[in-house]
Structures are given as structure tokens and as C-alpha cells.
$ cat start-v5.txt   # compact mmCIF, C-alpha atoms
# COMPACT_ATOMS: atom_id res chain seq x y z
CA MET F 29 22.25 8.82 22.49
CA LYS F 30 20.47 10.49 19.59
CA SER F 31 20.52 7.33 17.54
CA THR F 32 19.14 5.27 20.43
CA LEU F 33 16.28 7.71 20.80
CA GLN F 34 15.60 7.57 17.08
CA ALA F 35 15.48 3.79 17.19
CA LEU F 36 13.14 3.90 20.16
CA ALA F 37 10.93 6.39 18.33
CA ALA F 38 10.75 4.05 15.37
CA VAL F 39 9.71 1.17 17.61
CA LEU F 40 7.09 3.40 19.25
CA VAL F 41 5.72 4.34 15.85
CA LEU F 42 5.27 0.66 15.09
CA SER F 43 3.60 -0.12 18.40
CA SER F 44 1.27 2.89 18.32
CA ALA F 45 0.24 2.04 14.76
CA THR F 46 -0.74 -1.39 16.01
CA ALA F 47 -2.61 0.02 19.00
CA ALA F 48 -4.67 2.31 16.77
CA GLN F 49 -6.14 -0.56 14.79
CA ASP F 50 -8.40 -2.25 17.30
CA GLY F 51 -11.54 -0.53 16.03
CA GLY F 52 -12.54 1.30 19.19
CA LYS F 53 -16.05 0.70 20.52
CA LEU F 54 -18.03 0.18 17.32
CA PRO F 55 -20.25 -2.91 17.12
CA TRP F 56 -17.94 -4.81 14.79
CA LYS F 57 -19.08 -7.95 13.04
CA GLY F 58 -16.52 -10.42 11.85
CA LYS F 59 -14.18 -9.65 14.69
CA SER F 60 -14.54 -13.06 16.27
CA ASP F 61 -16.02 -14.86 13.30
CA ASP F 62 -15.83 -14.89 9.50
CA PRO F 63 -16.07 -11.38 8.00
CA LYS F 64 -17.32 -12.87 4.73
CA ALA F 65 -20.31 -14.31 6.58
CA ALA F 66 -20.90 -10.87 8.10
CA MET F 67 -20.81 -9.34 4.62
CA ALA F 68 -23.30 -11.94 3.38
CA ASP F 69 -25.58 -11.09 6.31
CA ALA F 70 -25.38 -7.39 5.40
CA LYS F 71 -26.23 -8.18 1.81
CA ARG F 72 -29.28 -10.19 2.87
CA ALA F 73 -30.37 -7.34 5.11
CA GLY F 74 -29.78 -4.74 2.34
CA GLN F 75 -27.41 -2.91 4.64
CA PRO F 76 -24.48 -0.78 3.44
CA MET F 77 -21.13 -1.74 4.94
CA MET F 78 -18.08 -0.14 6.41
CA LEU F 79 -15.13 -2.49 5.91
CA PHE F 80 -12.28 -2.01 8.35
CA PHE F 81 -9.15 -3.77 7.09
CA THR F 82 -6.71 -3.93 9.93
CA SER F 83 -3.79 -5.82 11.36
CA VAL F 84 -3.96 -6.12 15.11
CA GLY F 85 -2.32 -9.50 15.31
CA MET J 4 -7.39 5.80 11.71
CA SER J 5 -7.43 6.61 15.37
CA ALA J 6 -9.26 4.30 17.72
CA GLY J 7 -10.53 7.55 19.29
CA ALA J 8 -12.90 8.32 16.43
CA PHE J 9 -14.31 4.81 16.58
CA SER J 10 -15.05 5.29 20.26
CA ASP J 11 -16.78 8.62 19.80
CA PRO J 12 -20.49 8.56 20.83
CA GLU J 13 -21.59 10.33 17.63
CA VAL J 14 -19.75 7.77 15.49
CA ILE J 15 -21.11 4.86 17.53
CA LYS J 16 -24.64 6.18 16.98
CA ALA J 17 -24.06 6.60 13.24
CA ALA J 18 -22.87 2.98 13.12
CA ASP J 19 -26.45 1.84 13.78
CA ASN J 20 -27.14 2.50 10.10
CA LEU J 21 -24.30 0.40 8.72
CA ALA J 22 -22.88 -3.07 9.04
CA CYS J 23 -19.44 -2.45 10.54
CA ILE J 24 -17.25 -5.32 9.49
CA PHE J 25 -13.89 -5.96 11.06
CA ILE J 26 -11.45 -7.71 8.77
CA GLU J 27 -8.34 -8.88 10.58
CA CYS J 28 -5.63 -9.25 7.96
CA ASN J 29 -2.76 -10.18 10.27
CA TRP J 30 -0.23 -8.41 8.06
CA GLY J 31 -1.43 -10.17 4.93
CA LYS J 32 -1.68 -13.62 6.49
CA ALA J 33 -5.44 -13.61 6.97
CA ASN J 34 -8.38 -12.69 4.74
CA SER J 35 -6.03 -12.00 1.86
CA ASP J 36 -8.83 -12.78 -0.61
CA LEU J 37 -10.77 -9.79 0.69
CA SER J 38 -7.66 -7.57 0.77
CA ASP J 39 -6.89 -8.49 -2.83
CA ARG J 40 -10.47 -8.03 -3.96
CA TYR J 41 -10.54 -4.49 -2.59
CA GLY J 42 -6.93 -3.66 -3.46
CA ILE J 43 -5.89 -2.98 0.10
CA GLY J 44 -2.29 -1.82 0.25
CA GLY J 45 -1.90 -0.83 3.89
CA TYR J 46 -3.49 -1.07 7.31
CA PRO J 47 -5.75 0.22 8.55
CA SER J 48 -7.88 0.91 5.46
CA ILE J 49 -11.56 1.76 5.61
CA LEU J 50 -13.94 1.34 2.69
CA PHE J 51 -17.66 1.94 2.40
CA CYS J 52 -19.65 -0.47 0.26
CA ASP J 53 -23.22 -0.87 -0.87
CA PRO J 54 -25.08 -4.00 0.28
CA ASP J 55 -23.68 -5.94 -2.69
CA GLY J 56 -20.14 -5.21 -1.58
CA LYS J 57 -19.45 -2.67 -4.30
CA PRO J 58 -17.18 0.12 -3.03
CA ILE J 59 -18.81 3.53 -2.93
CA GLY J 60 -16.13 5.47 -1.13
CA GLN J 61 -13.46 5.46 1.48
CA LEU J 62 -13.10 7.27 4.77
CA SER J 63 -12.06 10.80 3.90
CA SER J 64 -11.45 12.28 7.35
CA ARG J 65 -10.34 11.15 10.77
CA GLU J 66 -12.33 13.70 12.75
CA PRO J 67 -15.19 12.04 14.66
CA ALA J 68 -17.83 14.52 13.43
CA ASP J 69 -16.76 14.01 9.81
CA VAL J 70 -16.60 10.23 10.24
CA ALA J 71 -20.14 10.19 11.63
CA ARG J 72 -21.40 12.44 8.83
CA GLN J 73 -19.83 10.26 6.17
CA MET J 74 -21.24 7.10 7.75
CA LEU J 75 -24.74 8.58 7.73
CA ASP J 76 -24.29 9.75 4.16
CA VAL J 77 -23.15 6.31 3.02
CA ALA J 78 -26.00 4.67 4.90
CA THR J 79 -28.52 6.82 3.01
CA ARG J 80 -26.91 6.43 -0.39
CA GLY J 81 -26.06 2.77 0.05
CA LYS J 82 -29.68 1.95 0.69
CA GLY J 83 -30.69 3.55 -2.59
CA GLY J 84 -31.69 6.81 -0.98
CA PRO J 85 -32.25 10.05 -2.83
CA ALA J 86 -28.64 10.92 -3.58
CA PRO J 87 -26.88 8.90 -6.27
CA VAL J 88 -23.81 6.89 -5.35
CA ALA J 89 -20.96 9.32 -5.68
CA LEU J 90 -17.48 8.35 -6.57
CA PRO J 91 -14.67 10.51 -5.19
CA LYS J 92 -13.89 13.72 -7.00
CA THR J 93 -12.51 13.00 -10.44
CA VAL J 94 -8.81 13.51 -10.85
CA LYS J 95 -7.96 15.50 -13.94
CA GLY J 96 -4.96 14.93 -16.13
CA LEU J 97 -3.52 15.28 -19.61
CA THR J 98 -2.85 12.64 -22.20
CA ILE J 99 0.66 11.19 -22.06
CA ALA J 100 1.84 13.11 -25.12
CA ASN J 101 0.44 16.44 -23.93
CA ALA J 102 1.81 15.85 -20.44
CA ALA J 103 5.31 15.28 -21.84
CA THR J 104 5.17 18.57 -23.71
CA GLU J 105 3.83 20.42 -20.68
CA ALA J 106 6.35 18.79 -18.35
CA ARG J 107 9.27 19.87 -20.50
CA ARG J 108 7.87 23.39 -20.69
CA ALA J 109 7.25 23.65 -16.95
CA GLY J 110 10.33 21.72 -15.84
CA LYS J 111 8.29 19.31 -13.77
CA PRO J 112 8.19 15.53 -13.68
CA ILE J 113 5.13 13.69 -14.94
CA LEU J 114 2.84 11.75 -12.65
CA LEU J 115 1.22 9.18 -14.92
CA VAL J 116 -1.73 7.33 -13.45
CA PHE J 117 -2.94 4.10 -15.03
CA PHE J 118 -6.43 3.39 -13.74
CA ASP J 119 -9.43 1.14 -14.25
CA ASP J 120 -12.72 0.66 -12.43
CA SER J 121 -11.31 -1.57 -9.69
CA PRO J 122 -11.75 -0.74 -5.99
CA ALA J 123 -8.02 -0.08 -5.77
CA SER J 124 -8.26 2.53 -8.52
CA LEU J 125 -11.17 4.05 -6.64
CA SER J 126 -9.00 4.31 -3.56
CA ILE J 127 -6.17 5.94 -5.47
CA ASN J 128 -8.63 8.34 -7.04
CA ALA J 129 -9.82 9.33 -3.59
CA ALA J 130 -6.27 9.71 -2.31
CA LEU J 131 -5.29 11.89 -5.27
CA SER J 132 -8.34 14.06 -4.64
CA ASP J 133 -7.37 14.61 -1.01
CA ASP J 134 -6.34 18.17 -0.17
CA TYR J 135 -3.48 16.68 1.84
CA LEU J 136 -1.75 15.99 -1.48
CA LYS J 137 -2.49 19.33 -3.10
CA ASP J 138 0.96 20.86 -2.62
CA THR J 139 2.76 17.69 -3.60
CA LEU J 140 0.72 17.21 -6.77
CA ALA J 141 1.41 20.81 -7.78
CA ARG J 142 5.00 19.73 -8.37
CA PHE J 143 3.95 17.30 -11.09
CA VAL J 144 2.24 17.42 -14.44
CA MET J 145 -0.57 14.92 -14.12
CA ALA J 146 -1.32 12.45 -16.90
CA LEU J 147 -4.04 9.82 -16.98
CA ALA J 148 -4.23 6.62 -18.98
CA PRO J 149 -6.98 4.01 -18.76
CA TYR J 150 -5.43 0.62 -18.12
CA ARG J 151 -6.12 -2.28 -20.43
CA LYS J 152 -3.98 -5.36 -20.28
CA GLY J 153 -1.66 -5.53 -23.27
CA ALA J 154 -2.66 -2.08 -24.59
CA GLU J 155 0.05 -0.02 -26.26
CA ASP J 156 0.58 2.39 -23.37
CA ALA J 157 0.58 -0.40 -20.79
CA VAL J 158 3.22 -2.30 -22.76
CA ARG J 159 5.28 0.83 -23.38
CA PHE J 160 5.44 1.65 -19.69
CA ASP J 161 5.60 -1.98 -18.54
CA VAL J 162 2.40 -1.67 -16.54
CA THR J 163 0.64 -4.91 -15.66
CA ARG J 164 -2.04 -3.79 -13.23
CA ALA J 165 -4.16 -0.86 -12.20
CA PRO J 166 -3.78 1.37 -10.46
CA THR J 167 -0.14 2.04 -11.24
CA LEU J 168 1.44 5.44 -10.80
CA LEU J 169 4.64 6.31 -12.61
CA VAL J 170 6.84 9.31 -11.94
CA LEU J 171 8.65 10.15 -15.14
CA ASN J 172 11.36 12.56 -16.13
CA ALA J 173 10.16 14.02 -19.44
CA GLU J 174 13.62 15.33 -20.22
CA THR J 175 15.14 11.90 -20.67
CA ALA J 176 15.09 10.48 -24.17
CA LYS J 177 13.06 7.39 -23.28
CA MET J 178 11.30 8.32 -20.09
CA GLU J 179 9.45 5.01 -19.99
CA GLU J 180 12.67 3.08 -19.53
CA LYS J 181 13.69 4.66 -16.26
CA PRO J 182 10.80 5.90 -14.16
CA LEU J 183 11.74 7.80 -11.00
CA ALA J 184 9.11 5.80 -9.16
CA LYS J 185 6.58 3.07 -9.82
CA ILE J 186 3.75 2.85 -7.33
CA GLU J 187 1.37 -0.06 -7.67
CA GLY J 188 -1.87 -0.75 -5.83
CA SER J 189 -3.88 1.15 -3.29
CA ARG J 190 -2.42 3.93 -1.16
CA SER J 191 -3.79 6.39 1.34
CA ALA J 192 -3.15 10.08 0.72
CA ARG J 193 -0.49 10.04 3.42
CA GLU J 194 1.29 7.02 1.92
CA LEU J 195 1.08 8.52 -1.52
CA LYS J 196 2.55 11.81 -0.34
CA ARG J 197 5.48 9.97 1.20
CA ASP J 198 6.08 7.97 -1.99
CA LEU J 199 5.79 10.99 -4.26
CA ASP J 200 8.03 13.11 -2.07
CA SER J 201 10.62 10.32 -2.20
CA ALA J 202 10.35 10.31 -5.99
CA LEU J 203 10.92 14.05 -6.09
CA ILE J 204 13.99 13.63 -3.93
CA LEU J 205 15.25 10.88 -6.19
CA GLY J 206 14.58 13.10 -9.19
CA ALA J 207 16.60 15.86 -7.57
CA ALA J 208 19.41 13.44 -6.75
CA GLU J 209 19.50 12.26 -10.36
CA GLY J 210 19.57 15.81 -11.59
CA SER J 211 16.16 15.74 -13.22
CA ALA J 212 13.95 18.73 -13.77
CA PRO J 213 12.52 19.55 -10.33
CA THR J 214 15.60 21.27 -8.90
CA ARG J 215 17.45 22.31 -12.01
CA ARG J 216 15.01 24.57 -13.70
CA PRO J 217 14.90 28.12 -12.41
CA GLY J 218 11.72 29.05 -10.62
CA ILE J 219 10.69 25.48 -9.98
CA GLU J 220 10.10 24.55 -6.40
CA SER J 221 12.29 21.74 -5.21
CA PRO J 222 10.94 19.19 -2.73
CA ALA J 223 11.08 20.94 0.62
CA PRO J 224 14.54 22.43 0.50
CA ASP J 225 15.73 23.62 3.87
CA ALA J 226 17.84 26.46 2.61
CA GLY J 227 18.45 28.10 -0.73
CA ASP J 228 17.43 26.86 -4.13
CA LYS J 229 19.65 23.83 -4.22
CA MET J 230 20.07 20.99 -1.78
CA SER J 231 23.56 19.97 -0.83
CA ASP J 232 24.70 16.42 -1.51
CA ASP J 233 24.51 15.76 2.21
CA GLU J 234 20.93 17.00 2.36
CA ILE J 235 19.92 14.84 -0.58
CA GLU J 236 21.52 11.80 1.02
CA ARG J 237 19.91 12.58 4.36
CA LYS J 238 16.46 12.88 2.80
CA PHE J 239 16.98 9.75 0.74
CA ILE J 240 18.02 7.74 3.79
CA LYS J 241 15.06 9.01 5.79
CA ALA J 242 12.71 8.11 2.95
CA ARG J 243 14.15 4.61 2.78
CA ILE J 244 13.75 4.19 6.53
CA ALA J 245 10.13 5.36 6.29
CA ALA J 246 9.53 2.92 3.44
CA SER J 247 11.14 0.15 5.46
CA LEU J 248 8.87 0.87 8.44
CA GLU J 249 5.85 0.71 6.17
CA LEU J 250 6.99 -2.58 4.66
CA TYR J 251 7.53 -3.99 8.14
CA LYS J 252 4.05 -2.87 9.16
CA ARG J 253 2.65 -4.72 6.16
CA GLY J 254 4.39 -7.90 7.21
CA LYS J 255 7.00 -7.73 4.47
CA LYS J 256 9.92 -8.14 6.82
CA ASP J 257 12.32 -9.38 4.15
CA LYS J 258 11.69 -6.31 2.00
CA ALA J 259 11.98 -4.05 5.05
CA VAL J 260 15.35 -5.57 5.90
CA GLU J 261 16.45 -5.32 2.28
CA ALA J 262 15.65 -1.59 2.19
CA LEU J 263 17.70 -0.95 5.32
CA GLU J 264 20.59 -3.13 4.16
CA ASP J 265 20.68 -1.07 1.00
CA VAL J 266 20.99 2.11 3.05
CA VAL J 267 23.75 0.67 5.24
CA LYS J 268 25.64 -0.58 2.22
CA THR J 269 25.27 2.61 0.19
CA TYR J 270 25.86 5.13 2.97
CA PRO J 271 27.93 3.27 5.59
CA LYS J 272 29.37 6.41 7.17
CA HIS J 273 26.45 8.80 7.02
CA VAL J 274 25.16 9.89 10.41
CA GLU J 275 21.56 9.06 9.48
CA THR J 276 22.58 5.48 8.72
CA VAL J 277 22.92 4.87 12.45
CA THR J 278 19.13 4.84 12.69
CA ALA J 279 18.89 2.35 9.85
CA ARG J 280 21.44 0.09 11.59
CA LYS J 281 19.56 0.19 14.89
CA LEU J 282 16.29 -0.59 13.19
CA LEU J 283 17.92 -3.41 11.27
CA GLU J 284 19.06 -4.92 14.55
CA GLU J 285 15.47 -4.70 15.85
CA TYR J 286 14.12 -6.41 12.74
CA ARG J 287 16.64 -9.23 13.03
CA LYS J 288 15.85 -10.00 16.66
$ encode --input "start-v5.txt" --output "C-alpha cells"
Amino acid sequence: MKSTLQALAAVLVLSSATAAQDGGKLPWKGKSDDPKAAMADAKRAGQPMMLFFTSVG
Amino acid sequence: MSAGAFSDPEVIKAADNLACIFIECNWGKANSDLSDRYGIGGYPSILFCDPDGKPIGQLSSREPADVARQMLDVATRGKGGPAPVALPKTVKGLTIANAATEARRAGKPILLVFFDDSPASLSINAALSDDYLKDTLARFVMALAPYRKGAEDAVRFDVTRAPTLLVLNAETAKMEEKPLAKIEGSRSARELKRDLDSALILGAAEGSAPTRRPGIESPAPDAGDKMSDDEIERKFIKARIAASLELYKRGKKDKAVEALEDVVKTYPKHVETVTARKLLEEYRK
């Protein structure tokens, strides 16, 4: 029983880690297009960047 | 990073001043050129850059108010505002030779950090400066060595990239030949703590300085000054399972399976191995 619960906890850790990587409600660029193009746009605009490296997929 | 902070109204407002760029890495299968360029070793990782893409810091807190404050600060500095671009607090350390002497005197292992000016070294610098690691780092004698390919120290310690962190037992004759741990690439403070704690456990299991010298704090003993063999094995197995989970999260399924198979093979009858077996079955599905 204990071991089953531990295994389940491990699986939950994996799934919650995935769920926490969607970026919330910020106005992300590069989410549905090329992030490198978004970085180039920021450079042209002289805008500092926050890069969010994630793995949702 | 919690999605909660990124949904906080204060953080959303602060985001007006920055380009927020979402880089889907799909466990290393996508945008690997960007991950490599910035030395990303785990997900999620958050870096702040100036408009030219040069890193100027990484997220140092997960609290919404702190996140918003840091975003505003970066926005000001990144645009060439009044405050100069600030790197994370500088980590202090001894030379290798002085660290070896001090480590033998204090009965502590050495944490040797090879660094350069890469974004990954910047990330490690920030992680090592994090208060979250304060207690763990107190168990080491810190040494720093600038990394140059082919330099004497790099060759001696078989280091081929920066950042690389080595945990060394100064009491062994040739400490460079058998490091207790070799940590390469970027890590968050939390990941680094886990890796360093595992190294301390391994050091204790191998009978190195941390648990043998009187008055030296061993890595989180539950009772008494000395861990039992069972306790050492239990902690080692748990550390391997944690490492396996991290590898799996990073898309390195083969390595994750390998780590668990090693546990099952080495400790087939230990009660903690049951967890490793169950997880192994999940991975293989």
C-alpha cells in the first residue's frame, strides 16, 4: 500500500511539474510562433526580455 | 516557477515593460539551440536579458511581489537606465591549493567551481548565491577556478566545460581522480542543493571526511552523530530516485531508467527499492 502511494506521489510530482510550466496569464510572445523572431523583435524595439524556458509538451 | 505568480495582476502589469518570450523546449526536442546558448539545464528556467540577448540575471524569487519587482528592475536596467547591469552576488572561494589545506584542517569536502563568463556560469553563480543553499554550502570548503580549455587545472580535473562543479575529498591522495560528484551545466538552487546533498551522502557512505571528523555536521542525520548503513542506503536510494525523476522530466528517459535499474540491481531487497521498481514500471509503459 505504502509503495503504491509512493509511486502515485511520484507520478503526481511529474504531472504537477508539467502543469506549472504553462506561463500563466502573461502576454507571452513566441508561444505560438518562433521565439527567435520574438527575440529579434525585442532587440529592434530596444526592449529587455524575460526568457521562459519550459517544457509543456 | 508556479503558474500562480505569472497570473498575478502585479506581475502582469510589470510585464508591460518587458518582452516576455515563451520558449517551448519539449524536453530538449525543440529550441535546443536557445537552450544550449543559455546553458539551460532544467525546466522551467527563467532568464532576464538585455535587448541584445545578453543575460543580466535570473529569477531569484517565486513570490509574485518579488517577481514583479525584479521585472521592473530589469526593465529599467536593461534599457540602460540609471543603475548599472548587476550580475548576481559574487561567490567567494579559495584557490585549489588553499582549499585543499583548509578542507583537511576542517574535515570538509571541497566544492570546486570551474566557471567562465557564459550564461550557464552566470546561472550557477546566482544559484550558489541563493540563501536556499547557505546551510548546504557551509558543509563544504569552496574553491574557484576560472575555466580555460586545456589549462592545467582543467586537464588535471578532467573538466571540459564551464560551469563544472566538483565535490572532492581532500583526504584522498589524488582527489582529482575520484570526485564524489561532478555537476556540469546550469542548475537552479534547488537542483544544486539536491545534487550537493547527494554528494555529501555519497561522501559519508565512502567514509570521507564529512561524517568521520568529530564536530563536523553530517548531512542531515536523523539520530546521533553517525548514520547507520541502512540510513545511508535509504538516503542514497532516495537521492537516486530524485535524480531519476529529474532526468525523466528533462526527457532523458534512458538515463532515468538506468538510474533506477542501478538501484534495483544494487539494493534488490531494500524496502525503499519498491518505489524505484514501481517507477521503473511506469517509465517502461
$ atom_distance --input "start-v5.txt" --atom1 "atom CA of Pro182 of chain J" --atom2 "atom CA of Ser35 of chain J"
29.3 Å
$ residues_near_point --input "start-v5.txt" --point "(-27.5, 0.1, 6.8)" --cutoff "7 Å" --atoms "only C-alpha atoms" --output "list in words"
Gly74, Gln75, Pro76 and Met77 of chain F; Asn20, Leu21, Ala22, Ala78 and Lys82 of chain J
$ interface_residues --input "start-v5.txt" --of "chain F" --to "chain J" --cutoff "6 Å" --atoms "only C-alpha atoms" --output "ChimeraX atom specification"
/F:31,35,48,51-54,56-59,63,71,74-83,85
$ closest_residue --input "start-v5.txt" --among "J:Val170, J:Ser191, J:Lys268, J:Glu13" --to "Arg72 of chain J" --atoms "all atoms listed in the file"
J:Glu13
$ residues_around --input "start-v5.txt" --residues "Arg159 of chain J" --least-positions-apart "6" --cutoff "12 Å" --atoms "only C-alpha atoms" --output "list of chain:residue names"
J:Ile99, J:Ala148, J:Tyr150, J:Lys152, J:Gly153, J:Lys177, J:Met178, J:Glu179, J:Glu180, J:Lys181, J:Pro182
$ atom_distance --input "start-v5.txt" --atom1 "atom CA of Ala262 of chain J" --atom2 "atom CA of Ile240 of chain J"
9.8 Å
$ atom_distance --input "start-v5.txt" --atom1 "atom CA of Leu203 of chain J" --atom2 "atom CA of Lys185 of chain J"
12.4 Å
$ axis_aligned_box --input "start-v5.txt" --around "segment 238-245 of chain J" --padding-each-side "8 Å" --output "JSON"
{"center_x": 14.1, "center_y": 8.5, "center_z": 3.6, "size_x": 23.9, "size_y": 24.7, "size_z": 21.8}
$ residues_near_point --input "start-v5.txt" --point "(15.3, 8.1, -5.2)" --cutoff "12 Å" --atoms "only C-alpha atoms" --output "compact mmCIF listing (two decimals) with C-alpha atoms, in the frame of the given file"
# COMPACT_ATOMS: atom_id res chain seq x y z
CA VAL J 170 6.84 9.31 -11.94
CA LYS J 181 13.69 4.66 -16.26
CA PRO J 182 10.80 5.90 -14.16
CA LEU J 183 11.74 7.80 -11.00
CA ALA J 184 9.11 5.80 -9.16
CA LYS J 185 6.58 3.07 -9.82
CA ARG J 197 5.48 9.97 1.20
CA ASP J 198 6.08 7.97 -1.99
CA LEU J 199 5.79 10.99 -4.26
CA ASP J 200 8.03 13.11 -2.07
CA SER J 201 10.62 10.32 -2.20
CA ALA J 202 10.35 10.31 -5.99
CA LEU J 203 10.92 14.05 -6.09
CA ILE J 204 13.99 13.63 -3.93
CA LEU J 205 15.25 10.88 -6.19
CA GLY J 206 14.58 13.10 -9.19
CA ALA J 207 16.60 15.86 -7.57
CA ALA J 208 19.41 13.44 -6.75
CA GLU J 209 19.50 12.26 -10.36
CA GLY J 210 19.57 15.81 -11.59
CA SER J 211 16.16 15.74 -13.22
CA ILE J 235 19.92 14.84 -0.58
CA GLU J 236 21.52 11.80 1.02
CA ARG J 237 19.91 12.58 4.36
CA LYS J 238 16.46 12.88 2.80
CA PHE J 239 16.98 9.75 0.74
CA ILE J 240 18.02 7.74 3.79
CA LYS J 241 15.06 9.01 5.79
CA ALA J 242 12.71 8.11 2.95
CA ARG J 243 14.15 4.61 2.78
CA ALA J 246 9.53 2.92 3.44
CA VAL J 266 20.99 2.11 3.05
$ residues_around --input "start-v5.txt" --residues "Lys256 of chain J" --least-positions-apart "6" --cutoff "9 Å" --atoms "only C-alpha atoms" --output "VMD selection string"
chain J and resid 247 250 286
$ closest_residue --input "start-v5.txt" --among "J:Leu97, J:Leu195, J:Leu114, J:Ala259" --to "Leu169 of chain J" --atoms "only C-alpha atoms"
J:Leu114
